[in-house]
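Content type mmCIF, C-alpha atoms, from the file final_15.cif:
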```
data_target
#
loop_
_atom_site.group_PDB
_atom_site.id
_atom_site.type_symbol
_atom_site.label_atom_id
_atom_site.label_comp_id
_atom_site.auth_asym_id
_atom_site.auth_seq_id
_atom_site.Cartn_x
_atom_site.Cartn_y
_atom_site.Cartn_z
ATOM 1 C CA MET A 1 165.608 12.588 169.280
ATOM 2 C CA GLU A 2 162.674 13.422 167.031
ATOM 3 C CA ALA A 3 161.650 17.029 166.496
ATOM 4 C CA SER A 4 158.186 17.827 167.846
ATOM 5 C CA ILE A 5 155.462 19.082 165.561
ATOM 6 C CA TRP A 6 156.007 22.555 167.023
ATOM 7 C CA PHE A 7 159.619 22.561 165.865
ATOM 8 C CA TRP A 8 158.417 21.942 162.317
ATOM 9 C CA VAL A 9 155.569 24.469 162.467
ATOM 10 C CA ILE A 10 157.649 27.296 163.952
ATOM 11 C CA PHE A 11 160.598 26.681 161.635
ATOM 12 C CA ASN A 12 158.467 26.611 158.473
ATOM 13 C CA ALA A 13 156.522 29.681 159.598
ATOM 14 C CA GLY A 14 159.865 31.493 160.002
ATOM 15 C CA VAL A 15 160.973 30.394 156.520
ATOM 16 C CA LEU A 16 157.696 31.591 155.002
ATOM 17 C CA GLY A 17 158.100 34.928 156.798
ATOM 18 C CA LEU A 18 161.633 35.337 155.416
ATOM 19 C CA LEU A 19 160.462 34.623 151.877
ATOM 20 C CA LEU A 20 157.575 37.095 152.146
ATOM 21 C CA LEU A 21 159.901 39.766 153.534
ATOM 22 C CA ASP A 22 162.362 39.161 150.725
ATOM 23 C CA LEU A 23 159.639 39.316 148.087
ATOM 24 C CA GLY A 24 157.774 42.283 149.515
ATOM 25 C CA VAL A 25 159.720 44.500 151.896
ATOM 26 C CA PHE A 26 163.239 43.979 150.562
ATOM 27 C CA ALA A 27 162.437 43.618 146.854
ATOM 28 C CA LYS A 28 162.984 47.016 145.230
ATOM 29 C CA LYS A 29 160.956 48.006 142.170
ATOM 30 C CA ASP A 30 161.990 49.980 139.118
ATOM 31 C CA ALA A 31 160.021 52.853 137.526
ATOM 32 C CA HIS A 32 157.699 50.361 135.779
ATOM 33 C CA GLY A 33 156.911 48.425 138.960
ATOM 34 C CA ASP A 34 159.057 45.459 137.964
ATOM 35 C CA PRO A 35 161.689 43.971 140.295
ATOM 36 C CA ALA A 36 164.880 45.996 140.028
ATOM 37 C CA PRO A 37 168.182 44.181 139.377
ATOM 38 C CA VAL A 38 169.856 43.293 142.678
ATOM 39 C CA PRO A 39 173.115 45.222 143.219
ATOM 40 C CA VAL A 40 176.137 43.087 144.105
ATOM 41 C CA LYS A 41 176.595 44.905 147.432
ATOM 42 C CA THR A 42 172.988 44.200 148.433
ATOM 43 C CA ALA A 43 173.330 40.568 147.378
ATOM 44 C CA LEU A 44 176.507 40.166 149.443
ATOM 45 C CA ILE A 45 174.793 41.639 152.509
ATOM 46 C CA LYS A 46 171.816 39.294 152.063
ATOM 47 C CA SER A 47 174.124 36.303 151.570
ATOM 48 C CA ALA A 48 176.012 37.177 154.751
ATOM 49 C CA ALA A 49 172.701 37.569 156.602
ATOM 50 C CA TYR A 50 171.518 34.094 155.550
ATOM 51 C CA VAL A 51 174.836 32.529 156.583
ATOM 52 C CA THR A 52 174.561 34.334 159.930
ATOM 53 C CA LEU A 53 171.028 32.972 160.393
ATOM 54 C CA ALA A 54 172.304 29.444 159.734
ATOM 55 C CA LEU A 55 175.055 29.908 162.329
ATOM 56 C CA LEU A 56 172.554 31.280 164.863
ATOM 57 C CA PHE A 57 170.375 28.227 164.232
ATOM 58 C CA PHE A 58 173.441 26.051 164.846
ATOM 59 C CA VAL A 59 173.890 27.778 168.217
ATOM 60 C CA TRP A 60 170.207 27.266 169.023
ATOM 61 C CA LEU A 61 170.505 23.548 168.253
ATOM 62 C CA ARG A 62 173.606 23.384 170.427
ATOM 63 C CA LEU A 63 171.649 24.800 173.359
ATOM 64 C CA ASN A 64 168.204 23.245 172.896
ATOM 65 C CA TYR A 65 167.948 20.280 170.509
ATOM 66 C CA GLY A 66 168.477 17.184 172.648
ATOM 67 C CA GLU A 67 168.071 15.838 176.154
ATOM 68 C CA THR A 68 171.788 15.829 177.016
ATOM 69 C CA PRO A 69 174.781 18.046 176.162
ATOM 70 C CA GLU A 70 176.279 15.159 174.176
ATOM 71 C CA ILE A 71 173.170 14.785 171.994
ATOM 72 C CA ARG A 72 172.900 18.546 171.500
ATOM 73 C CA SER A 73 176.549 18.739 170.478
ATOM 74 C CA ALA A 74 176.206 15.830 168.035
ATOM 75 C CA LYS A 75 172.992 17.134 166.442
ATOM 76 C CA SER A 76 174.308 20.679 166.015
ATOM 77 C CA LEU A 77 177.505 19.363 164.390
ATOM 78 C CA GLU A 78 175.415 17.227 162.046
ATOM 79 C CA PHE A 79 173.477 20.336 161.035
ATOM 80 C CA LEU A 80 176.612 22.411 160.469
ATOM 81 C CA THR A 81 178.277 19.667 158.421
ATOM 82 C CA GLY A 82 175.126 19.155 156.366
ATOM 83 C CA TYR A 83 174.777 22.899 155.835
ATOM 84 C CA VAL A 84 178.371 23.215 154.587
ATOM 85 C CA ILE A 85 177.812 20.334 152.147
ATOM 86 C CA GLU A 86 174.483 21.697 150.908
ATOM 87 C CA TRP A 87 175.768 25.274 150.677
ATOM 88 C CA SER A 88 178.776 24.129 148.659
ATOM 89 C CA LEU A 89 176.651 22.086 146.276
ATOM 90 C CA SER A 90 174.227 25.012 145.870
ATOM 91 C CA VAL A 91 177.091 27.132 144.512
ATOM 92 C CA ASP A 92 177.321 24.596 141.689
ATOM 93 C CA ASN A 93 173.690 25.418 140.857
ATOM 94 C CA ILE A 94 174.770 28.987 140.173
ATOM 95 C CA PHE A 95 177.028 27.844 137.315
ATOM 96 C CA VAL A 96 173.999 26.372 135.571
ATOM 97 C CA PHE A 97 171.674 29.284 136.406
ATOM 98 C CA VAL A 98 174.138 31.690 134.782
ATOM 99 C CA LEU A 99 174.174 29.518 131.650
ATOM 100 C CA ILE A 100 170.367 29.222 131.572
ATOM 101 C CA PHE A 101 169.736 32.963 131.905
ATOM 102 C CA ALA A 102 172.406 33.772 129.319
ATOM 103 C CA LYS A 103 171.190 31.120 126.857
ATOM 104 C CA PHE A 104 167.574 32.315 127.033
ATOM 105 C CA GLY A 105 168.429 36.007 127.287
ATOM 106 C CA VAL A 106 166.422 36.507 130.488
ATOM 107 C CA PRO A 107 166.391 40.219 131.429
ATOM 108 C CA ALA A 108 168.046 40.930 134.784
ATOM 109 C CA ALA A 109 164.781 42.373 136.133
ATOM 110 C CA TYR A 110 163.008 39.009 135.758
ATOM 111 C CA GLN A 111 165.777 36.715 137.015
ATOM 112 C CA HIS A 112 164.728 37.711 140.558
ATOM 113 C CA ARG A 113 161.186 36.357 139.965
ATOM 114 C CA VAL A 114 162.357 33.108 138.382
ATOM 115 C CA LEU A 115 164.744 32.401 141.244
ATOM 116 C CA PHE A 116 162.111 33.196 143.876
ATOM 117 C CA TRP A 117 159.615 30.681 142.493
ATOM 118 C CA GLY A 118 162.468 28.290 141.750
ATOM 119 C CA ILE A 119 163.377 28.316 145.447
ATOM 120 C CA ILE A 120 159.753 27.705 146.473
ATOM 121 C CA GLY A 121 159.658 24.686 144.180
ATOM 122 C CA ALA A 122 163.043 23.474 145.436
ATOM 123 C CA LEU A 123 161.888 23.622 149.065
ATOM 124 C CA VAL A 124 158.797 21.543 148.263
ATOM 125 C CA MET A 125 160.695 18.991 146.154
ATOM 126 C CA ARG A 126 163.450 18.545 148.705
ATOM 127 C CA GLY A 127 160.971 18.265 151.545
ATOM 128 C CA VAL A 128 159.246 15.386 149.736
ATOM 129 C CA MET A 129 162.567 13.727 148.865
ATOM 130 C CA ILE A 130 163.756 13.966 152.485
ATOM 131 C CA LEU A 131 160.544 12.363 153.784
ATOM 132 C CA VAL A 132 160.808 9.547 151.233
ATOM 133 C CA GLY A 133 164.533 9.070 151.902
ATOM 134 C CA THR A 134 164.004 8.960 155.676
ATOM 135 C CA ALA A 135 161.217 6.390 155.322
ATOM 136 C CA LEU A 136 163.368 4.218 153.047
ATOM 137 C CA ILE A 137 166.362 4.315 155.405
ATOM 138 C CA ARG A 138 164.236 3.422 158.434
ATOM 139 C CA GLU A 139 162.533 0.562 156.629
ATOM 140 C CA PHE A 140 165.535 -0.733 154.654
ATOM 141 C CA ASP A 141 168.882 0.302 156.143
ATOM 142 C CA TRP A 142 170.743 -1.280 153.198
ATOM 143 C CA VAL A 143 169.536 1.693 151.134
ATOM 144 C CA MET A 144 172.552 3.471 152.630
ATOM 145 C CA ILE A 145 174.777 1.198 150.494
ATOM 146 C CA ILE A 146 172.930 2.307 147.354
ATOM 147 C CA PHE A 147 173.201 5.961 148.382
ATOM 148 C CA GLY A 148 176.920 5.572 149.122
ATOM 149 C CA LEU A 149 177.727 3.852 145.838
ATOM 150 C CA PHE A 150 175.607 6.393 143.949
ATOM 151 C CA LEU A 151 177.504 9.306 145.517
ATOM 152 C CA VAL A 152 180.901 7.794 144.707
ATOM 153 C CA TYR A 153 179.792 7.171 141.107
ATOM 154 C CA SER A 154 178.150 10.598 140.790
ATOM 155 C CA GLY A 155 181.259 12.314 142.171
ATOM 156 C CA TRP A 156 183.477 10.454 139.716
ATOM 157 C CA GLN A 157 181.212 11.371 136.793
ATOM 158 C CA MET A 158 181.177 15.011 137.892
ATOM 159 C CA LEU A 159 184.972 15.017 138.142
ATOM 160 C CA ARG A 160 185.302 13.634 134.599
ATOM 161 C CA ALA A 161 182.981 16.338 133.236
ATOM 162 C CA ALA A 162 184.254 19.178 135.445
ATOM 163 C CA ASP A 163 185.857 21.071 132.552
ATOM 164 C CA GLU A 164 182.870 20.716 130.213
ATOM 165 C CA GLU A 165 180.220 23.421 129.844
ATOM 166 C CA PRO A 166 176.695 21.952 129.592
ATOM 167 C CA ASP A 167 174.117 23.324 127.179
ATOM 168 C CA PRO A 168 170.979 23.965 129.300
ATOM 169 C CA SER A 169 168.770 24.393 126.236
ATOM 170 C CA ASP A 170 169.584 20.846 125.080
ATOM 171 C CA ASN A 171 167.034 19.272 127.396
ATOM 172 C CA LYS A 172 164.655 16.507 126.292
ATOM 173 C CA ILE A 173 161.903 17.536 128.701
ATOM 174 C CA LEU A 174 162.143 21.142 127.505
ATOM 175 C CA ALA A 175 161.970 20.009 123.874
ATOM 176 C CA TRP A 176 158.922 17.881 124.714
ATOM 177 C CA LEU A 177 157.209 20.854 126.398
ATOM 178 C CA ARG A 178 157.935 23.151 123.447
ATOM 179 C CA LYS A 179 156.165 20.711 121.113
ATOM 180 C CA ARG A 180 153.093 20.354 123.301
ATOM 181 C CA LEU A 181 152.608 23.760 124.905
ATOM 182 C CA PRO A 182 151.632 26.975 123.134
ATOM 183 C CA VAL A 183 154.658 29.236 123.716
ATOM 184 C CA THR A 184 154.771 32.945 122.918
ATOM 185 C CA ASP A 185 157.470 34.287 120.618
ATOM 186 C CA GLY A 186 159.026 36.531 123.257
ATOM 187 C CA TYR A 187 158.887 37.601 126.894
ATOM 188 C CA HIS A 188 155.809 39.402 128.195
ATOM 189 C CA GLY A 189 157.279 41.232 131.140
ATOM 190 C CA LYS A 190 157.393 39.115 134.289
ATOM 191 C CA ALA A 191 154.387 36.981 133.258
ATOM 192 C CA PHE A 192 154.640 33.199 133.057
ATOM 193 C CA THR A 193 151.366 32.940 131.117
ATOM 194 C CA VAL A 194 149.393 35.328 128.887
ATOM 195 C CA ARG A 195 146.224 35.230 126.796
ATOM 196 C CA GLN A 196 146.559 35.878 123.086
ATOM 197 C CA ALA A 197 143.455 35.835 120.893
ATOM 198 C CA GLY A 198 141.583 34.208 123.773
ATOM 199 C CA LYS A 199 144.120 31.370 124.051
ATOM 200 C CA LEU A 200 146.167 30.757 127.203
ATOM 201 C CA MET A 201 149.861 30.592 126.334
ATOM 202 C CA VAL A 202 153.059 30.156 128.339
ATOM 203 C CA THR A 203 155.945 32.552 127.934
ATOM 204 C CA PRO A 204 159.620 31.638 127.565
ATOM 205 C CA LEU A 205 160.004 32.793 131.200
ATOM 206 C CA ALA A 206 157.826 29.839 132.270
ATOM 207 C CA LEU A 207 160.109 27.459 130.346
ATOM 208 C CA VAL A 208 163.120 28.987 132.066
ATOM 209 C CA LEU A 209 161.441 28.424 135.456
ATOM 210 C CA ILE A 210 160.764 24.777 134.567
ATOM 211 C CA LEU A 211 164.402 24.369 133.530
ATOM 212 C CA VAL A 212 165.570 25.918 136.828
ATOM 213 C CA GLU A 213 163.336 23.482 138.749
ATOM 214 C CA LEU A 214 164.658 20.528 136.748
ATOM 215 C CA THR A 215 168.212 21.676 137.423
ATOM 216 C CA ASP A 216 167.591 21.753 141.156
ATOM 217 C CA LEU A 217 165.964 18.318 140.994
ATOM 218 C CA VAL A 218 169.100 16.921 139.361
ATOM 219 C CA PHE A 219 171.326 18.533 141.984
ATOM 220 C CA ALA A 220 169.041 17.309 144.770
ATOM 221 C CA LEU A 221 169.628 13.725 143.627
ATOM 222 C CA ASP A 222 173.238 14.239 144.758
ATOM 223 C CA SER A 223 172.771 16.553 147.726
ATOM 224 C CA ILE A 224 169.991 14.682 149.566
ATOM 225 C CA PRO A 225 171.874 11.332 149.709
ATOM 226 C CA ALA A 226 175.019 13.280 150.634
ATOM 227 C CA ILE A 227 173.490 14.790 153.756
ATOM 228 C CA PHE A 228 172.022 11.422 154.787
ATOM 229 C CA ALA A 229 175.642 10.336 155.181
ATOM 230 C CA VAL A 230 175.882 12.930 157.954
ATOM 231 C CA SER A 231 172.481 12.590 159.636
ATOM 232 C CA THR A 232 169.305 10.541 159.291
ATOM 233 C CA ASP A 233 167.337 12.944 161.482
ATOM 234 C CA PRO A 234 164.776 14.442 159.043
ATOM 235 C CA PHE A 235 164.647 17.753 160.944
ATOM 236 C CA ILE A 236 168.430 18.195 160.686
ATOM 237 C CA VAL A 237 168.475 17.149 157.026
ATOM 238 C CA TYR A 238 165.565 19.431 156.154
ATOM 239 C CA THR A 239 166.795 22.521 158.026
ATOM 240 C CA ALA A 240 170.310 22.238 156.572
ATOM 241 C CA ASN A 241 168.791 22.091 153.081
ATOM 242 C CA VAL A 242 166.440 25.007 153.732
ATOM 243 C CA PHE A 243 169.172 27.334 155.005
ATOM 244 C CA ALA A 244 171.383 26.503 152.015
ATOM 245 C CA ILE A 245 168.528 27.097 149.532
ATOM 246 C CA LEU A 246 167.282 30.306 151.180
ATOM 247 C CA GLY A 247 170.579 32.025 150.497
ATOM 248 C CA LEU A 248 170.867 30.701 146.946
ATOM 249 C CA ARG A 249 169.082 33.595 145.229
ATOM 250 C CA ALA A 250 171.139 36.291 146.987
ATOM 251 C CA MET A 251 174.300 34.301 146.331
ATOM 252 C CA TYR A 252 173.444 34.124 142.620
ATOM 253 C CA PHE A 253 173.353 37.917 142.299
ATOM 254 C CA ALA A 254 176.534 38.204 144.377
ATOM 255 C CA LEU A 255 178.537 35.685 142.340
ATOM 256 C CA ALA A 256 176.987 35.684 138.846
ATOM 257 C CA GLY A 257 179.569 38.103 137.450
ATOM 258 C CA VAL A 258 182.581 36.268 138.901
ATOM 259 C CA ILE A 259 181.388 32.649 138.895
ATOM 260 C CA HIS A 260 183.800 31.912 136.022
ATOM 261 C CA ARG A 261 186.652 32.412 138.488
ATOM 262 C CA PHE A 262 185.573 29.375 140.554
ATOM 263 C CA LYS A 263 187.448 27.207 138.092
ATOM 264 C CA TYR A 264 188.237 24.293 140.399
ATOM 265 C CA LEU A 265 185.122 24.338 142.586
ATOM 266 C CA LYS A 266 183.476 21.519 140.616
ATOM 267 C CA HIS A 267 186.598 19.421 141.123
ATOM 268 C CA GLY A 268 186.352 20.061 144.864
ATOM 269 C CA LEU A 269 182.630 19.244 144.941
ATOM 270 C CA SER A 270 183.292 16.021 143.028
ATOM 271 C CA ILE A 271 185.831 14.956 145.635
ATOM 272 C CA VAL A 272 183.432 15.885 148.456
ATOM 273 C CA LEU A 273 180.695 13.685 146.956
ATOM 274 C CA MET A 274 183.088 10.740 146.671
ATOM 275 C CA VAL A 275 184.361 11.258 150.228
ATOM 276 C CA VAL A 276 180.811 11.525 151.601
ATOM 277 C CA GLY A 277 179.802 8.394 149.682
ATOM 278 C CA ALA A 278 182.795 6.515 151.102
ATOM 279 C CA LYS A 279 181.866 7.747 154.604
ATOM 280 C CA MET A 280 178.314 6.484 154.158
ATOM 281 C CA LEU A 281 179.576 3.040 153.109
ATOM 282 C CA ALA A 282 182.085 2.927 155.972
ATOM 283 C CA ASN A 283 179.392 3.842 158.504
ATOM 284 C CA TRP A 284 177.064 1.129 157.257
ATOM 285 C CA PHE A 285 179.652 -1.642 157.231
ATOM 286 C CA ALA A 286 180.921 -0.567 160.668
ATOM 287 C CA GLY A 287 177.393 -0.620 162.053
ATOM 288 C CA GLY A 288 177.683 2.954 163.307
ATOM 289 C CA LYS A 289 179.545 6.192 162.741
ATOM 290 C CA ALA A 290 182.946 4.942 161.631
ATOM 291 C CA VAL A 291 183.950 8.502 160.705
ATOM 292 C CA PRO A 292 183.108 11.144 163.356
ATOM 293 C CA VAL A 293 180.988 14.047 162.142
ATOM 294 C CA GLU A 294 183.582 16.627 163.174
ATOM 295 C CA TYR A 295 186.166 14.911 160.930
ATOM 296 C CA ALA A 296 183.728 14.979 158.019
ATOM 297 C CA LEU A 297 183.049 18.679 158.664
ATOM 298 C CA ALA A 298 186.750 19.570 158.778
ATOM 299 C CA LEU A 299 187.550 17.570 155.627
ATOM 300 C CA THR A 300 184.572 18.959 153.661
ATOM 301 C CA ALA A 301 185.336 22.551 154.635
ATOM 302 C CA SER A 302 189.033 22.084 153.796
ATOM 303 C CA ILE A 303 188.319 20.642 150.330
ATOM 304 C CA ILE A 304 185.817 23.373 149.439
ATOM 305 C CA ALA A 305 187.934 26.206 150.843
ATOM 306 C CA GLY A 306 191.021 24.821 149.102
ATOM 307 C CA SER A 307 189.280 24.527 145.718
ATOM 308 C CA ILE A 308 187.926 28.085 145.995
ATOM 309 C CA ALA A 309 191.313 29.495 147.063
ATOM 310 C CA LEU A 310 193.107 27.670 144.236
ATOM 311 C CA SER A 311 190.483 28.904 141.736
ATOM 312 C CA LEU A 312 190.783 32.532 142.794
ATOM 313 C CA TRP A 313 194.595 32.356 142.723
ATOM 314 C CA LYS A 314 194.692 30.749 139.268
ATOM 315 C CA THR A 315 192.210 33.254 137.802
ATOM 316 C CA ARG A 316 193.591 36.387 139.478
ATOM 317 C CA GLY A 317 193.548 39.381 137.175
ATOM 318 C CA GLU A 318 190.614 38.140 135.107
ATOM 319 C CA GLN A 319 187.886 40.730 134.546
ATOM 320 C CA PRO A 320 184.326 40.158 135.843
ATOM 321 C CA GLN A 321 181.771 38.911 133.337
ATOM 322 C CA HIS A 322 178.813 41.099 132.458
#
```
I'd like the structure from this file rewritten - as structure tokens, please.
Amino acid sequence: MEASIWFWVIFNAGVLGLLLLDLGVFAKKDAHGDPAPVPVKTALIKSAAYVTLALLFFVWLRLNYGETPEIRSAKSLEFLTGYVIEWSLSVDNIFVFVLIFAKFGVPAAYQHRVLFWGIIGALVMRGVMILVGTALIREFDWVMIIFGLFLVYSGWQMLRAADEEPDPSDNKILAWLRKRLPVTDGYHGKAFTVRQAGKLMVTPLALVLILVELTDLVFALDSIPAIFAVSTDPFIVYTANVFAILGLRAMYFALAGVIHRFKYLKHGLSIVLMVVGAKMLANWFAGGKAVPVEYALALTASIIAGSIALSLWKTRGEQPQH
């Protein structure tokens, strides 16, 4: 089935409301009026709340999204599988965010602002990519072969580089921007732009935001094709992405200090991408769903849970990073 326009309007209105609540009502300020650093306990509660919302949405789909119980069951499972994949891949974003903020010395009080606008940009970018991807698949179904091969290749490349630590400041686009934009010498509070001697200048915080957006774009090139292996329903693909992204900021503050302990998560994510790519190819050559969605969900969850459990066991006793 296709989601009605009201499904899209109501869902996006709810997302906008959540973001405004998070920015206004739930965002605590320090004595200077700047966003206060998010305590780990608060971040964990917010992360749990976003996961709970995703599960409640899964239940709603199970009860309402489809003309028959069979369709409702299939669509809700597609959402849950897509959400698990997207949520898992979003954790990988946190590795890079930690590196970016450390490399550029972003004060904890301003990380909140960068991540908020980074999520807004990610929602827009992914929405566009999902619309384009859906149109391509409907017009040229052989695109699924390209997506499948790309995921297998991307997963293999990620697996080969899993133990390497990227340098986020070594970015050609960032270097190009530094040469062409007037950049201030240091941070100016939470501002992305300031005027100095009558000249509009960008601050290093704006460059960090651009780098965060570019990072998400790179990750989206993997995650969007990956979820198309599970569902080609744009509403399912979009909502699974949105729920995963909404919880990303809270999850960053919850995991930033212990992300180094997720030693084998990238290995697990690499395997998931290759498995999803293989599933996409198998489905296309079989002319249907050669691998049931529930099998894909169980295998994805097992790989991710196993890689996290192995990581935590191998790094037990290590002190949190500050």
Quiz prompt | Among listed residues A:Leu246, A:Leu297, A:Leu177, A:Ile94, nearest A:Ile119 (using all atoms listed in the file) | solution =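 Among A:Leu246, A:Leu297, A:Leu177, A:Ile94, it is A:Leu246 that comes nearest to A:Ile119.
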Exercise. Please tell me which residues are no farther than 10 Å from (174.9, 21.9, 159.1) in the file, counting all atoms listed in the file, and write them as a ChimeraX atom specification.
Key: /A:54-55,57-58,75-87,227,230-231,236-237,239-241,243-244,297
Exercise. Have a look at atom CA of A:Lys46 and atom CA of A:Ala250 and let me know their distance in Å, one decimal.
Key: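 For atom CA of A:Lys46 relative to atom CA of A:Ala250, the distance reads 5.9 Å.
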Self-check item: Nearest candidate to A:Glu164 (options A:Ala48, A:Val96, A:Ala256, A:Ala282; using only C-alpha atoms)
Solution: A:Val96
Quiz item: So, counting only C-alpha atoms, which residue among A:Ala229, A:Ser47, A:Gly155, A:Arg178 is closest to A:Ile137?
Solution: A:Ala229
Quiz item: Rounded to one decimal in Å, what is the spacing between atom CA of A:Leu19 and atom CA of A:Val242?
Solution: 11.5 Å
Please list as a compact mmCIF listing (two decimals) with C-alpha atoms, keeping the file's coordinate frame every residue within 12 Å of A:Lys172, counting all atoms listed in the file and excluding residues in the same chain fewer than 6 positions away.
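Contents of part31.txt, as written:
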```txt
# COMPACT_ATOMS: atom_id res chain seq x y z
CA ARG A 178 157.94 23.15 123.45
CA LYS A 179 156.16 20.71 121.11
CA LEU A 211 164.40 24.37 133.53
CA LEU A 214 164.66 20.53 136.75
```
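Taken over the whole file, the PyMOL selection byres ((chain A and resi 143) around 12) covers exactly Val132, Gly133, Thr134, Ala135, Leu136, Ile137, Arg138, Glu139, Phe140, Asp141, Trp142, Met144, Ile145, Ile146, Phe147, Gly148, Leu149, Phe150, Pro225, Phe228, Ala229, Met280, Leu281 and Trp284 of chain A.
Of note, atom CA of A:Glu294 and atom CA of A:Arg160 are spaced 28.8 Å apart.
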What are the closest atom pairs, with distances in Å to one decimal, for each residue of stretch 72-185 of chain A lying within 6 Å of stretch 194-206 of chain A, using all atoms listed in the file, rows by chain and rising residue number, as a tab-separated table?
```
residue	atom	partner	partner_atom	distance
A:Pro182	CA	A:Met201	CA	5.1
A:Val183	CA	A:Val202	CA	5.0
A:Thr184	CA	A:Thr203	CA	5.2
```
Exercise. Apply the PyMOL selection byres ((chain A and resi 116) around 12) to the displayed file and report the matching residues as number ranges by chain.
Key: A: 18-24, 27, 35, 110-115, 117-123, 209, 212-213, 245-250, 252
Self-check item: Nearby residues, (170.0, 16.0, 141.2) file frame, 12 Å, only C-alpha atoms, as a count of residues only
Solution: 28
Practice problem: Take the PyMOL selection byres ((chain A and resi 273) around 7), apply it to the structure above, and return the hits as a ChimeraX atom specification. | Solution: /A:151-152,155,226,269-272,274-277
